[in-house]
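> Dropping in coords23.cif, with mmCIF, C-alpha atoms.
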data_data
loop_
_atom_site.group_PDB
_atom_site.id
_atom_site.type_symbol
_atom_site.label_atom_id
_atom_site.label_comp_id
_atom_site.auth_asym_id
_atom_site.auth_seq_id
_atom_site.Cartn_x
_atom_site.Cartn_y
_atom_site.Cartn_z
ATOM 1 C CA MET A 1 -6.813 -17.723 1.617
ATOM 2 C CA SER A 2 -8.070 -17.232 5.136
ATOM 3 C CA SER A 3 -9.299 -13.962 6.503
ATOM 4 C CA VAL A 4 -9.969 -15.120 10.037
ATOM 5 C CA LEU A 5 -9.530 -12.744 12.957
ATOM 6 C CA ARG A 6 -9.757 -14.422 16.358
ATOM 7 C CA PRO A 7 -9.075 -13.384 19.947
ATOM 8 C CA ALA A 8 -5.804 -14.687 21.301
ATOM 9 C CA VAL A 9 -5.679 -16.735 24.474
ATOM 10 C CA SER A 10 -5.431 -14.428 27.472
ATOM 11 C CA GLY A 11 -2.612 -14.916 29.924
ATOM 12 C CA LYS A 12 -0.302 -16.843 27.596
ATOM 13 C CA ASP A 13 2.738 -15.826 25.663
ATOM 14 C CA PRO A 14 2.184 -15.070 21.937
ATOM 15 C CA VAL A 15 3.738 -18.331 20.697
ATOM 16 C CA THR A 16 1.689 -20.528 23.037
ATOM 17 C CA ALA A 17 -1.449 -18.537 22.315
ATOM 18 C CA SER A 18 -0.853 -18.821 18.598
ATOM 19 C CA GLN A 19 -0.394 -22.586 18.851
ATOM 20 C CA ASP A 20 -3.522 -23.011 20.944
ATOM 21 C CA LEU A 21 -5.546 -20.991 18.460
ATOM 22 C CA THR A 22 -4.818 -23.459 15.677
ATOM 23 C CA THR A 23 -7.002 -26.008 17.417
ATOM 24 C CA VAL A 24 -9.988 -23.681 17.116
ATOM 25 C CA SER A 25 -10.085 -23.664 13.332
ATOM 26 C CA GLN A 26 -11.348 -26.609 11.317
ATOM 27 C CA ASP A 27 -9.821 -25.259 8.122
ATOM 28 C CA PRO A 28 -6.688 -27.345 7.419
ATOM 29 C CA THR A 29 -5.092 -24.506 5.477
ATOM 30 C CA THR A 30 -4.878 -22.375 8.625
ATOM 31 C CA VAL A 31 -3.350 -24.944 10.966
ATOM 32 C CA GLY A 32 -0.168 -23.606 12.521
ATOM 33 C CA ALA A 33 -0.558 -20.291 10.726
ATOM 34 C CA TYR A 34 -1.854 -18.029 13.490
ATOM 35 C CA ARG A 35 0.239 -14.990 14.394
ATOM 36 C CA ALA A 36 -0.429 -13.408 17.739
ATOM 37 C CA ILE A 37 -0.667 -9.626 17.547
ATOM 38 C CA SER A 38 -1.527 -9.077 21.195
ATOM 39 C CA SER A 39 -2.984 -11.011 24.105
ATOM 40 C CA HIS A 40 -6.415 -10.497 22.551
ATOM 41 C CA LEU A 41 -5.871 -10.694 18.810
ATOM 42 C CA ALA A 42 -4.362 -13.107 16.290
ATOM 43 C CA ILE A 43 -4.423 -13.396 12.502
ATOM 44 C CA THR A 44 -3.770 -16.133 9.991
ATOM 45 C CA PRO A 45 -2.671 -14.315 6.786
ATOM 46 C CA PRO A 46 1.088 -13.723 6.479
ATOM 47 C CA VAL A 47 1.874 -10.023 6.103
ATOM 48 C CA SER A 48 4.683 -8.669 3.909
ATOM 49 C CA VAL A 49 5.956 -5.113 4.362
ATOM 50 C CA VAL A 50 7.577 -3.474 1.325
ATOM 51 C CA ILE A 51 10.005 -0.618 1.952
ATOM 52 C CA PRO A 52 11.574 1.144 -1.055
ATOM 53 C CA ALA A 53 14.781 2.844 0.054
ATOM 54 C CA MET A 54 17.625 4.809 -1.433
ATOM 55 C CA ASN A 55 20.236 6.260 0.920
ATOM 56 C CA GLU A 56 17.974 5.971 3.968
ATOM 57 C CA ALA A 57 20.470 4.432 6.414
ATOM 58 C CA GLU A 58 19.901 7.179 8.997
ATOM 59 C CA ASN A 59 16.115 6.805 8.863
ATOM 60 C CA LEU A 60 15.806 3.025 8.900
ATOM 61 C CA PRO A 61 16.309 2.672 12.683
ATOM 62 C CA TYR A 62 13.179 4.775 13.212
ATOM 63 C CA VAL A 63 11.254 2.825 10.570
ATOM 64 C CA PHE A 64 12.139 -0.636 11.836
ATOM 65 C CA LYS A 65 11.619 0.338 15.469
ATOM 66 C CA THR A 66 7.866 0.688 14.903
ATOM 67 C CA LEU A 67 7.372 -2.426 12.759
ATOM 68 C CA PRO A 68 5.422 -5.139 14.640
ATOM 69 C CA ASP A 69 7.295 -8.377 15.269
ATOM 70 C CA TRP A 70 4.377 -10.510 14.068
ATOM 71 C CA ILE A 71 4.749 -9.588 10.393
ATOM 72 C CA HIS A 72 5.791 -12.380 8.059
ATOM 73 C CA GLU A 73 8.581 -10.589 6.197
ATOM 74 C CA VAL A 74 10.167 -7.251 5.408
ATOM 75 C CA VAL A 75 11.129 -6.668 1.784
ATOM 76 C CA LEU A 76 13.616 -3.820 1.372
ATOM 77 C CA VAL A 77 14.007 -2.629 -2.216
ATOM 78 C CA ASP A 78 17.365 -0.907 -2.452
ATOM 79 C CA GLY A 79 17.537 1.760 -5.142
ATOM 80 C CA ASN A 80 21.303 1.588 -5.641
ATOM 81 C CA SER A 81 22.123 3.289 -2.343
ATOM 82 C CA THR A 82 25.573 4.778 -1.930
ATOM 83 C CA ASP A 83 25.420 4.700 1.875
ATOM 84 C CA ASN A 84 25.066 1.639 4.125
ATOM 85 C CA THR A 85 21.292 1.315 3.793
ATOM 86 C CA VAL A 86 21.427 -2.437 3.177
ATOM 87 C CA GLU A 87 23.871 -3.139 6.021
ATOM 88 C CA VAL A 88 21.763 -1.151 8.478
ATOM 89 C CA ALA A 89 18.597 -2.949 7.381
ATOM 90 C CA ARG A 90 20.197 -6.361 7.909
ATOM 91 C CA GLU A 91 21.479 -5.333 11.315
ATOM 92 C CA LEU A 92 18.074 -4.076 12.418
ATOM 93 C CA TRP A 93 16.052 -6.950 10.909
ATOM 94 C CA PRO A 94 18.316 -9.987 10.321
ATOM 95 C CA ASP A 95 15.708 -11.806 8.198
ATOM 96 C CA VAL A 96 15.070 -8.826 5.924
ATOM 97 C CA LYS A 97 14.730 -9.749 2.252
ATOM 98 C CA VAL A 98 16.854 -7.302 0.245
ATOM 99 C CA VAL A 99 15.997 -6.839 -3.419
ATOM 100 C CA GLU A 100 18.223 -4.755 -5.673
ATOM 101 C CA GLN A 101 16.239 -2.372 -7.856
ATOM 102 C CA GLN A 102 17.202 -2.561 -11.508
ATOM 103 C CA GLY A 103 15.193 0.421 -12.742
ATOM 104 C CA LYS A 104 14.585 3.871 -11.294
ATOM 105 C CA GLY A 105 11.752 5.599 -9.463
ATOM 106 C CA LYS A 106 9.440 4.806 -6.571
ATOM 107 C CA GLY A 107 6.916 3.074 -8.803
ATOM 108 C CA ASP A 108 9.542 0.745 -10.198
ATOM 109 C CA ALA A 109 10.782 0.019 -6.666
ATOM 110 C CA LEU A 110 7.319 -0.847 -5.384
ATOM 111 C CA ILE A 111 6.550 -3.104 -8.337
ATOM 112 C CA THR A 112 9.869 -4.877 -7.757
ATOM 113 C CA GLY A 113 9.024 -5.284 -4.085
ATOM 114 C CA PHE A 114 5.521 -6.604 -4.760
ATOM 115 C CA GLU A 115 6.959 -9.307 -7.000
ATOM 116 C CA ALA A 116 9.299 -10.431 -4.217
ATOM 117 C CA CYS A 117 6.589 -10.695 -1.549
ATOM 118 C CA THR A 118 5.347 -14.086 -0.369
ATOM 119 C CA GLY A 119 2.686 -12.889 2.079
ATOM 120 C CA ASP A 120 -1.068 -12.825 1.446
ATOM 121 C CA ILE A 121 -1.214 -9.206 2.611
ATOM 122 C CA ILE A 122 1.170 -6.525 1.324
ATOM 123 C CA VAL A 123 1.815 -3.259 3.175
ATOM 124 C CA MET A 124 3.555 -0.276 1.567
ATOM 125 C CA VAL A 125 5.751 1.744 3.957
ATOM 126 C CA ASP A 126 8.073 4.669 3.173
ATOM 127 C CA ALA A 127 11.673 4.577 4.409
ATOM 128 C CA ASP A 128 11.913 8.206 5.559
ATOM 129 C CA GLY A 129 10.441 7.667 9.031
ATOM 130 C CA SER A 130 7.182 9.473 8.238
ATOM 131 C CA ALA A 131 5.001 6.384 8.725
ATOM 132 C CA ASP A 132 4.215 4.724 12.045
ATOM 133 C CA GLY A 133 4.480 0.949 11.775
ATOM 134 C CA ASN A 134 2.181 0.581 14.765
ATOM 135 C CA GLU A 135 -0.676 1.534 12.438
ATOM 136 C CA ILE A 136 -0.209 -1.643 10.384
ATOM 137 C CA VAL A 137 -2.599 -3.506 12.684
ATOM 138 C CA SER A 138 -5.396 -1.127 11.612
ATOM 139 C CA TYR A 139 -4.718 -1.823 7.943
ATOM 140 C CA VAL A 140 -4.595 -5.579 8.463
ATOM 141 C CA SER A 141 -7.752 -5.529 10.581
ATOM 142 C CA ALA A 142 -9.613 -3.770 7.771
ATOM 143 C CA LEU A 143 -8.451 -6.355 5.233
ATOM 144 C CA VAL A 144 -9.295 -9.435 7.280
ATOM 145 C CA SER A 145 -12.674 -7.848 8.025
ATOM 146 C CA GLY A 146 -13.599 -7.780 4.346
ATOM 147 C CA ALA A 147 -11.798 -4.957 2.534
ATOM 148 C CA ASP A 148 -9.653 -5.637 -0.524
ATOM 149 C CA PHE A 149 -7.620 -2.452 -0.243
ATOM 150 C CA ALA A 150 -6.871 -0.502 2.950
ATOM 151 C CA LYS A 151 -5.970 3.037 1.971
ATOM 152 C CA GLY A 152 -4.197 5.326 4.399
ATOM 153 C CA SER A 153 -5.629 8.816 4.704
ATOM 154 C CA ARG A 154 -4.139 11.821 6.445
ATOM 155 C CA PHE A 155 -7.457 13.646 6.150
ATOM 156 C CA ALA A 156 -9.872 11.004 7.407
ATOM 157 C CA ASN A 157 -11.159 11.541 10.929
ATOM 158 C CA GLY A 158 -8.274 10.650 13.240
ATOM 159 C CA GLY A 159 -5.538 11.181 10.648
ATOM 160 C CA GLY A 160 -3.086 14.038 10.290
ATOM 161 C CA THR A 161 0.127 15.282 8.739
ATOM 162 C CA ASP A 162 3.182 17.216 9.888
ATOM 163 C CA ASP A 163 4.751 17.229 6.446
ATOM 164 C CA MET A 164 2.468 19.025 3.978
ATOM 165 C CA THR A 165 2.736 22.637 2.930
ATOM 166 C CA PRO A 166 -0.474 24.561 2.191
ATOM 167 C CA ILE A 167 0.182 24.371 -1.545
ATOM 168 C CA ARG A 168 0.619 20.586 -1.379
ATOM 169 C CA LYS A 169 -2.578 20.232 0.642
ATOM 170 C CA LEU A 170 -4.441 22.294 -1.931
ATOM 171 C CA GLY A 171 -3.006 20.271 -4.790
ATOM 172 C CA ASN A 172 -3.820 16.966 -3.110
ATOM 173 C CA TRP A 173 -7.390 18.129 -2.449
ATOM 174 C CA ALA A 174 -7.859 19.265 -6.055
ATOM 175 C CA LEU A 175 -6.503 16.045 -7.550
ATOM 176 C CA CYS A 176 -8.503 13.952 -5.086
ATOM 177 C CA THR A 177 -11.676 15.819 -6.055
ATOM 178 C CA VAL A 178 -11.051 15.114 -9.733
ATOM 179 C CA VAL A 179 -10.511 11.387 -9.110
ATOM 180 C CA ASN A 180 -13.647 11.143 -6.970
ATOM 181 C CA LYS A 181 -15.743 12.868 -9.618
ATOM 182 C CA LYS A 182 -14.331 11.087 -12.644
ATOM 183 C CA PHE A 183 -14.056 7.571 -11.228
ATOM 184 C CA GLY A 184 -16.768 7.441 -8.586
ATOM 185 C CA ALA A 185 -14.303 7.155 -5.698
ATOM 186 C CA ARG A 186 -14.836 8.510 -2.188
ATOM 187 C CA TYR A 187 -11.269 9.238 -1.197
ATOM 188 C CA THR A 188 -10.293 11.896 1.331
ATOM 189 C CA ASP A 189 -6.601 11.609 0.423
ATOM 190 C CA LEU A 190 -5.011 10.727 -2.901
ATOM 191 C CA CYS A 191 -1.238 11.143 -2.850
ATOM 192 C CA TYR A 192 -0.275 9.054 0.166
ATOM 193 C CA GLY A 193 1.919 5.980 0.071
ATOM 194 C CA TYR A 194 0.906 4.149 3.248
ATOM 195 C CA ASN A 195 -1.486 1.464 1.984
ATOM 196 C CA ALA A 196 -2.150 -2.272 2.292
ATOM 197 C CA PHE A 197 -3.934 -4.824 0.156
ATOM 198 C CA TRP A 198 -4.497 -8.508 -0.453
ATOM 199 C CA ARG A 199 -1.947 -9.951 -2.841
ATOM 200 C CA HIS A 200 -4.708 -11.110 -5.213
ATOM 201 C CA CYS A 201 -5.454 -7.446 -6.007
ATOM 202 C CA LEU A 202 -2.301 -7.374 -8.146
ATOM 203 C CA ASP A 203 -4.048 -9.725 -10.575
ATOM 204 C CA LYS A 204 -6.727 -7.088 -11.154
ATOM 205 C CA ILE A 205 -4.658 -3.900 -11.420
ATOM 206 C CA ASP A 206 -1.822 -3.525 -13.915
ATOM 207 C CA LEU A 207 0.952 -1.309 -12.585
ATOM 208 C CA ASP A 208 3.003 0.290 -15.312
ATOM 209 C CA CYS A 209 4.480 3.574 -14.107
ATOM 210 C CA THR A 210 7.787 4.225 -12.402
ATOM 211 C CA GLY A 211 7.481 7.472 -10.429
ATOM 212 C CA PHE A 212 5.679 8.878 -7.395
ATOM 213 C CA GLU A 213 2.431 8.767 -9.365
ATOM 214 C CA ILE A 214 2.294 5.008 -8.723
ATOM 215 C CA GLU A 215 0.180 5.687 -5.632
ATOM 216 C CA THR A 216 -2.445 7.568 -7.628
ATOM 217 C CA LEU A 217 -2.442 4.891 -10.313
ATOM 218 C CA ILE A 218 -3.077 2.196 -7.711
ATOM 219 C CA ASN A 219 -5.906 4.208 -6.157
ATOM 220 C CA ILE A 220 -7.615 4.725 -9.500
ATOM 221 C CA ARG A 221 -7.256 1.178 -10.778
ATOM 222 C CA VAL A 222 -8.481 -0.287 -7.503
ATOM 223 C CA VAL A 223 -11.715 1.658 -7.981
ATOM 224 C CA LYS A 224 -11.948 0.754 -11.666
ATOM 225 C CA ALA A 225 -11.541 -2.925 -10.757
ATOM 226 C CA GLY A 226 -14.485 -2.707 -8.374
ATOM 227 C CA LEU A 227 -12.424 -3.669 -5.321
ATOM 228 C CA LYS A 228 -13.702 -2.867 -1.834
ATOM 229 C CA VAL A 229 -11.759 0.036 -0.342
ATOM 230 C CA GLN A 230 -11.603 1.117 3.287
ATOM 231 C CA GLU A 231 -9.765 4.261 4.333
ATOM 232 C CA ILE A 232 -7.549 4.060 7.420
ATOM 233 C CA PRO A 233 -6.810 7.243 9.404
ATOM 234 C CA SER A 234 -3.052 7.699 9.418
ATOM 235 C CA HIS A 235 -0.659 10.303 10.779
ATOM 236 C CA GLU A 236 2.240 11.366 8.598
ATOM 237 C CA TYR A 237 5.319 12.582 10.460
ATOM 238 C CA LEU A 238 8.175 14.719 9.205
ATOM 239 C CA ARG A 239 11.030 13.059 7.360
ATOM 240 C CA ILE A 240 13.692 12.548 10.016
ATOM 241 C CA HIS A 241 16.912 12.833 8.013
ATOM 242 C CA GLY A 242 17.716 13.923 4.489
ATOM 243 C CA ALA A 243 15.667 15.698 1.844
ATOM 244 C CA SER A 244 12.671 14.358 -0.038
ATOM 245 C CA ASN A 245 12.842 13.793 -3.785
ATOM 246 C CA LEU A 246 9.227 14.917 -4.049
ATOM 247 C CA ARG A 247 8.650 18.107 -6.056
ATOM 248 C CA ALA A 248 5.134 19.490 -5.657
ATOM 249 C CA VAL A 249 4.642 21.037 -9.116
ATOM 250 C CA ARG A 250 6.556 18.450 -11.127
ATOM 251 C CA ASP A 251 5.027 15.443 -9.413
ATOM 252 C CA GLY A 252 1.597 17.074 -9.263
ATOM 253 C CA LEU A 253 1.636 17.383 -13.045
ATOM 254 C CA ARG A 254 2.681 13.735 -13.368
ATOM 255 C CA VAL A 255 -0.234 12.717 -11.148
ATOM 256 C CA LEU A 256 -2.612 14.817 -13.240
ATOM 257 C CA ARG A 257 -1.269 13.159 -16.396
ATOM 258 C CA VAL A 258 -2.019 9.728 -14.926
ATOM 259 C CA ILE A 259 -5.565 10.803 -14.060
ATOM 260 C CA LEU A 260 -6.190 12.094 -17.569
ATOM 261 C CA GLN A 261 -4.723 8.970 -19.166
ATOM 262 C CA GLU A 262 -6.856 6.689 -17.008
ATOM 263 C CA ARG A 263 -9.920 8.770 -17.845
ATOM 264 C CA SER A 264 -9.139 8.483 -21.560
ATOM 265 C CA ASN A 265 -8.636 4.723 -21.238
ATOM 266 C CA ARG A 266 -11.991 4.427 -19.496
ATOM 267 C CA ARG A 267 -13.740 6.339 -22.272
ATOM 268 C CA ALA A 268 -12.072 4.180 -24.922
ATOM 269 C CA LEU A 269 -13.173 1.020 -23.111
ATOM 270 C CA ARG A 270 -16.745 2.266 -22.880
ATOM 271 C CA SER A 271 -16.698 3.183 -26.560
ATOM 272 C CA ARG A 272 -15.491 -0.299 -27.554
ATOM 273 C CA SER A 273 -18.078 -1.942 -25.331
ATOM 274 C CA HIS A 274 -20.831 0.213 -26.841
ATOM 275 C CA SER A 275 -19.659 -0.657 -30.366
ATOM 276 C CA ARG A 276 -19.752 -4.378 -29.576
ATOM 277 C CA ILE A 277 -23.281 -4.063 -28.228
ATOM 278 C CA LEU A 278 -24.436 -2.221 -31.338
ATOM 279 C CA SER A 279 -22.779 -4.778 -33.618
ATOM 280 C CA ALA A 280 -24.422 -7.645 -31.756
ATOM 281 C CA SER A 281 -27.799 -5.926 -31.962
ATOM 282 C CA ARG A 282 -27.475 -5.386 -35.697
ATOM 283 C CA GLY A 283 -26.457 -9.018 -36.164
ATOM 284 C CA GLU A 284 -29.568 -10.213 -34.327
ATOM 285 C CA ALA A 285 -31.771 -7.841 -36.318
ATOM 286 C CA SER A 286 -30.483 -9.165 -39.621
#
Transcribe the structure of this file into structure tokens.

Amino acid sequence: MSSVLRPAVSGKDPVTASQDLTTVSQDPTTVGAYRAISSHLAITPPVSVVIPAMNEAENLPYVFKTLPDWIHEVVLVDGNSTDNTVEVARELWPDVKVVEQQGKGKGDALITGFEACTGDIIVMVDADGSADGNEIVSYVSALVSGADFAKGSRFANGGGTDDMTPIRKLGNWALCTVVNKKFGARYTDLCYGYNAFWRHCLDKIDLDCTGFEIETLINIRVVKAGLKVQEIPSHEYLRIHGASNLRAVRDGLRVLRVILQERSNRRALRSRSHSRILSASRGEAS
């Protein structure tokens, strides 16, 4: 896997610049794989964007409008929409890969989408129009510069949100504080779904929940796996059409349950490791 970030050739169109850049690298695995982002920047890793959607036909035009044309693929996970979500997606992005969700919940949709991705980098984007696709370059830049996981943050310097009530902000802060203290993380935002990571990270974090708490689970298990995390300032906009399925109290309790379960699992793992050490020591002593 290459993580090369090179300047594009100034004064040439993206395709020509991308082709010329392949002559710079001596790595045969990167030949012909450069994707020009601008006149000054090109990348080699293919980028997959996963968008879970259910009845988001009215919002998809705003979502797709901001997606950069240099991404490798868009994977739309359709959660049994009753409107024309799929038709709109195919009209807006003819090469979109549509995957029908068999289960229920955002977590299940994301897991389904991850399995369908073929890119080296995976970006998670919501379908409600709250995320700006132009920010993807910041996430990708962080990954090709050495991070394993690029985590969006509305509360990092330069970030912001138009879509959080005071009670949700307080809840997010409280849950984030608990995760930082219990798992040694340094997050400024916990419950945010705009993230990106190298595909190989999926081999180190098991994802086994189906609801909105999937984002918290990912954040915790990334830290537990010892992966390098870099926060990316991100601005969250208001949902454009429709109503969110998010419920602050209900989903906050589900997030808290995940945190407590992961904490219990960590204690159990430490206890088993300590027992093995003691058993080995006793064996040597005898």
> Is it possible to get the axis-aligned box enclosing region 152-163 of chain A (all listed atoms, 8 Å extra per side) as JSON, with centre and edge lengths in Å rounded to one decimal?

{"center_x": -3.2, "center_y": 11.3, "center_z": 8.8, "size_x": 31.9, "size_y": 27.9, "size_z": 24.8}
> So, counting all atoms listed in the file, which residue among A:Phe149, A:His40, A:Arg186, A:Val99 is closest to Ile205 (chain A)?
A:Phe149
> Could you tell me how far CA of Phe155 (chain A) sits from CA of Pro233 (chain A), in Å to one decimal place?
7.2 Å
> From the options A:Gln101, A:Asn84, A:Asn219, A:Ser264, which residue's atoms come nearest to Gly184 (chain A), counting all atoms listed in the file?
A:Asn219
> Check the smallest atom-to-atom distance from each of A:Val75, A:Val223, A:Leu207, A:Ile232 to Asp108 (chain A) using all atoms listed in the file, then report the winner.
A:Leu207
> Just give me the gap between CA of Ala150 (chain A) and CA of Glu56 (chain A) in Å, one decimal is fine.
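CA of Ala150 (chain A) sits 25.7 Å away from CA of Glu56 (chain A).
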> Carefully work through the PyMOL selection byres ((chain A and resi 113) around 8) for this structure and note down the residues it includes, as JSON, numbers by chain.
{"A": [50, 51, 52, 75, 76, 77, 99, 109, 110, 111, 112, 114, 115, 116, 117]}
> Any chance you could resolve the PyMOL selection byres ((chain A and resi 228) around 10) against this file and give the residues as a ChimeraX atom specification?
/A:143,146-150,222-223,225-227,229-230
> Please save C-alpha atoms of the selected residues as a compact mmCIF listing (two decimals), in the coordinates of the input.

# COMPACT_ATOMS: atom_id res chain seq x y z
CA LEU A 143 -8.45 -6.36 5.23
CA GLY A 146 -13.60 -7.78 4.35
CA ALA A 147 -11.80 -4.96 2.53
CA ASP A 148 -9.65 -5.64 -0.52
CA PHE A 149 -7.62 -2.45 -0.24
CA ALA A 150 -6.87 -0.50 2.95
CA VAL A 222 -8.48 -0.29 -7.50
CA VAL A 223 -11.72 1.66 -7.98
CA ALA A 225 -11.54 -2.92 -10.76
CA GLY A 226 -14.48 -2.71 -8.37
CA LEU A 227 -12.42 -3.67 -5.32
CA VAL A 229 -11.76 0.04 -0.34
CA GLN A 230 -11.60 1.12 3.29
> Which residues fall under the PyMOL selection byres ((chain A and resi 171) around 12) in this file, as an NGL selection string?
:A and (164-170 or 172-178 or 189-191 or 247-253 or 255-256)
> Work out how far apart CA of Ile218 (chain A) and CA of Ser138 (chain A) are and give it in Å to one decimal.
19.7 Å
> Measuring atom to atom with only C-alpha atoms, identify which of A:Ile220, A:Ile214, A:Val74, A:Ile121 is nearest to Lys181 (chain A).
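Answer, going by the shortest atom-to-atom distance: A:Ile220.
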> With all atoms listed in the file as the atoms that count, which of A:Gly160, A:Gly129, A:Pro46, A:Gly103 lies nearest to Val63 (chain A)?
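Nearest to Val63 (chain A): A:Gly129.
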> From (0.3, -3.9, 13.7), in the file's coordinates, out to 8 Å: which residues are reached, counting only C-alpha atoms? Answer as number ranges by chain.
A: 37, 67-68, 70-71, 133-140
> With all atoms listed in the file as the basis for distance, which of A:Asp95, A:Asp132, A:Pro61, A:Gln102 is at the shortest distance from Asp78 (chain A)?
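Among the listed residues, the smallest separation from Asp78 (chain A) belongs to A:Gln102.
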> Taking the structure I provided as the source, export region 29-70 of chain A with C-alpha atoms, as a PDB file, in the first residue's frame.

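out-v5.pdb, written as the output of this step:
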ATOM      1  CA  THR A  29       2.713  -0.850  -7.469  1.00  0.00           C
ATOM      2  CA  THR A  30       1.967   2.858  -7.903  1.00  0.00           C
ATOM      3  CA  VAL A  31       2.407   3.105 -11.666  1.00  0.00           C
ATOM      4  CA  GLY A  32      -0.691   4.566 -13.279  1.00  0.00           C
ATOM      5  CA  ALA A  33      -2.381   4.979  -9.912  1.00  0.00           C
ATOM      6  CA  TYR A  34      -1.992   8.704  -9.270  1.00  0.00           C
ATOM      7  CA  ARG A  35      -5.164  10.749  -8.845  1.00  0.00           C
ATOM      8  CA  ALA A  36      -4.854  14.469  -9.294  1.00  0.00           C
ATOM      9  CA  ILE A  37      -6.640  16.425  -6.577  1.00  0.00           C
ATOM     10  CA  SER A  38      -5.583  19.860  -7.773  1.00  0.00           C
ATOM     11  CA  SER A  39      -2.868  21.433  -9.890  1.00  0.00           C
ATOM     12  CA  HIS A  40      -0.517  21.031  -6.930  1.00  0.00           C
ATOM     13  CA  LEU A  41      -1.506  17.766  -5.288  1.00  0.00           C
ATOM     14  CA  ALA A  42      -1.954  14.123  -6.273  1.00  0.00           C
ATOM     15  CA  ILE A  43      -2.395  10.873  -4.354  1.00  0.00           C
ATOM     16  CA  THR A  44      -1.956   7.205  -5.115  1.00  0.00           C
ATOM     17  CA  PRO A  45      -4.361   5.389  -2.728  1.00  0.00           C
ATOM     18  CA  PRO A  46      -7.874   4.816  -4.108  1.00  0.00           C
ATOM     19  CA  VAL A  47     -10.508   6.400  -1.872  1.00  0.00           C
ATOM     20  CA  SER A  48     -13.937   4.863  -1.226  1.00  0.00           C
ATOM     21  CA  VAL A  49     -16.766   6.963   0.210  1.00  0.00           C
ATOM     22  CA  VAL A  50     -19.487   5.097   2.118  1.00  0.00           C
ATOM     23  CA  ILE A  51     -22.894   6.757   2.401  1.00  0.00           C
ATOM     24  CA  PRO A  52     -25.630   4.991   4.402  1.00  0.00           C
ATOM     25  CA  ALA A  53     -29.012   6.280   3.258  1.00  0.00           C
ATOM     26  CA  MET A  54     -32.667   5.651   3.900  1.00  0.00           C
ATOM     27  CA  ASN A  55     -35.209   7.924   2.218  1.00  0.00           C
ATOM     28  CA  GLU A  56     -32.643  10.650   1.524  1.00  0.00           C
ATOM     29  CA  ALA A  57     -33.529  11.381  -2.119  1.00  0.00           C
ATOM     30  CA  GLU A  58     -34.032  15.098  -1.434  1.00  0.00           C
ATOM     31  CA  ASN A  59     -30.684  15.434   0.346  1.00  0.00           C
ATOM     32  CA  LEU A  60     -28.466  13.447  -2.002  1.00  0.00           C
ATOM     33  CA  PRO A  61     -28.065  16.265  -4.569  1.00  0.00           C
ATOM     34  CA  TYR A  62     -26.434  18.387  -1.861  1.00  0.00           C
ATOM     35  CA  VAL A  63     -24.259  15.486  -0.703  1.00  0.00           C
ATOM     36  CA  PHE A  64     -23.000  14.475  -4.132  1.00  0.00           C
ATOM     37  CA  LYS A  65     -22.451  18.072  -5.214  1.00  0.00           C
ATOM     38  CA  THR A  66     -19.578  18.445  -2.738  1.00  0.00           C
ATOM     39  CA  LEU A  67     -17.918  15.068  -3.358  1.00  0.00           C
ATOM     40  CA  PRO A  68     -14.560  15.457  -5.169  1.00  0.00           C
ATOM     41  CA  ASP A  69     -14.354  13.877  -8.612  1.00  0.00           C
ATOM     42  CA  TRP A  70     -11.007  12.226  -7.851  1.00  0.00           C
TER      43      TRP A  70
END
